Amino acid sequence: MATSEATKRAINNYKKNNPIQQTYWDRKSQARGFINVNLKKSTKLAKAINENRPQYIKDLKELHSDIEQRLKDLQQ
């Protein structure tokens, strides 16, 4: 389904008027994109991960640990 021009303008206006929220969403999307990358696609990230899968696994474990620590810190 195509996005109408009015919807596109509304989205752009929202982004322009809410830069902090947009930054939050952008960073969240980037993190999820790194974690949930489709390794069967022919993207630069998928190629980089597939060439060095042990490092990717190590990085995911490190991120998991960082998230767990952050949750503990925020809940205190």
# chains A, B, ... in the order shown; residues from 1 in each chain; ligands from 1
>>> select_by_dssp(residues="chain A", states="alpha helix (DSSP H)", output="PyMOL selection string")
chain A and resi 5-17+19-35+44-51+53-74
>>> closest_residue(among="A:Gln75, A:Phe34, A:Tyr24, A:Lys8", to="A:Ala48", atoms="only C-alpha atoms")
A:Phe34
>>> residues_around(residues="A:Lys40", least_positions_apart="5", cutoff="10 Å", atoms="only C-alpha atoms", output="PyMOL selection string")
chain A and resi 46-47+50
>>> decode(residues="chain A", atoms="C-alpha atoms", output="compact mmCIF listing (two decimals), in the first residue's frame")
# COMPACT_ATOMS: atom_id res chain seq x y z
CA MET A 1 0.00 0.00 0.00
CA ALA A 2 1.42 3.35 -1.05
CA THR A 3 1.78 6.15 1.44
CA SER A 4 -0.16 9.28 0.50
CA GLU A 5 1.57 12.62 0.16
CA ALA A 6 -0.48 13.98 3.06
CA THR A 7 0.69 11.14 5.28
CA LYS A 8 4.30 11.70 4.24
CA ARG A 9 4.00 15.42 5.08
CA ALA A 10 2.44 14.61 8.45
CA ILE A 11 5.25 12.19 9.26
CA ASN A 12 7.91 14.71 8.25
CA ASN A 13 6.23 17.44 10.31
CA TYR A 14 6.07 15.15 13.33
CA LYS A 15 9.76 14.29 12.97
CA LYS A 16 10.68 17.95 12.62
CA ASN A 17 8.60 18.95 15.64
CA ASN A 18 9.75 16.04 17.84
CA PRO A 19 13.51 15.65 17.29
CA ILE A 20 14.21 14.02 20.66
CA GLN A 21 11.58 11.32 20.09
CA GLN A 22 12.87 10.82 16.54
CA THR A 23 16.43 10.37 17.82
CA TYR A 24 15.18 7.78 20.30
CA TRP A 25 13.31 5.84 17.59
CA ASP A 26 16.27 6.03 15.20
CA ARG A 27 18.69 4.60 17.76
CA LYS A 28 16.24 1.90 18.81
CA SER A 29 15.76 0.93 15.17
CA GLN A 30 19.51 0.81 14.58
CA ALA A 31 20.02 -1.49 17.56
CA ARG A 32 17.24 -3.81 16.44
CA GLY A 33 18.59 -3.76 12.90
CA PHE A 34 21.96 -5.00 14.14
CA ILE A 35 20.39 -7.71 16.28
CA ASN A 36 17.68 -8.90 13.89
CA VAL A 37 19.57 -8.65 10.59
CA ASN A 38 18.49 -11.12 7.90
CA LEU A 39 21.69 -13.08 7.28
CA LYS A 40 20.35 -14.55 4.04
CA LYS A 41 20.09 -11.16 2.33
CA SER A 42 22.96 -9.71 0.38
CA THR A 43 23.53 -6.59 2.47
CA LYS A 44 26.86 -5.23 3.66
CA LEU A 45 25.96 -5.98 7.27
CA ALA A 46 24.87 -9.55 6.52
CA LYS A 47 28.06 -10.15 4.56
CA ALA A 48 30.20 -8.73 7.37
CA ILE A 49 28.45 -10.90 9.96
CA ASN A 50 28.62 -14.04 7.85
CA GLU A 51 32.34 -13.53 7.28
CA ASN A 52 32.97 -13.35 11.01
CA ARG A 53 30.10 -15.09 12.79
CA PRO A 54 32.06 -15.88 16.00
CA GLN A 55 32.68 -12.16 16.53
CA TYR A 56 29.00 -11.37 15.92
CA ILE A 57 27.97 -13.97 18.51
CA LYS A 58 30.49 -12.50 20.97
CA ASP A 59 29.14 -8.99 20.30
CA LEU A 60 25.53 -10.12 20.83
CA LYS A 61 26.48 -11.71 24.15
CA GLU A 62 28.26 -8.50 25.18
CA LEU A 63 25.20 -6.44 24.24
CA HIS A 64 23.00 -8.82 26.22
CA SER A 65 25.22 -8.37 29.26
CA ASP A 66 25.19 -4.60 28.83
CA ILE A 67 21.40 -4.57 28.61
CA GLU A 68 21.06 -6.74 31.71
CA GLN A 69 23.36 -4.39 33.65
CA ARG A 70 21.49 -1.33 32.41
CA LEU A 71 18.17 -2.81 33.52
CA LYS A 72 19.59 -3.52 36.97
CA ASP A 73 20.94 0.03 37.23
CA LEU A 74 17.62 1.57 36.19
CA GLN A 75 15.59 -0.54 38.60
CA GLN A 76 17.56 0.55 41.68
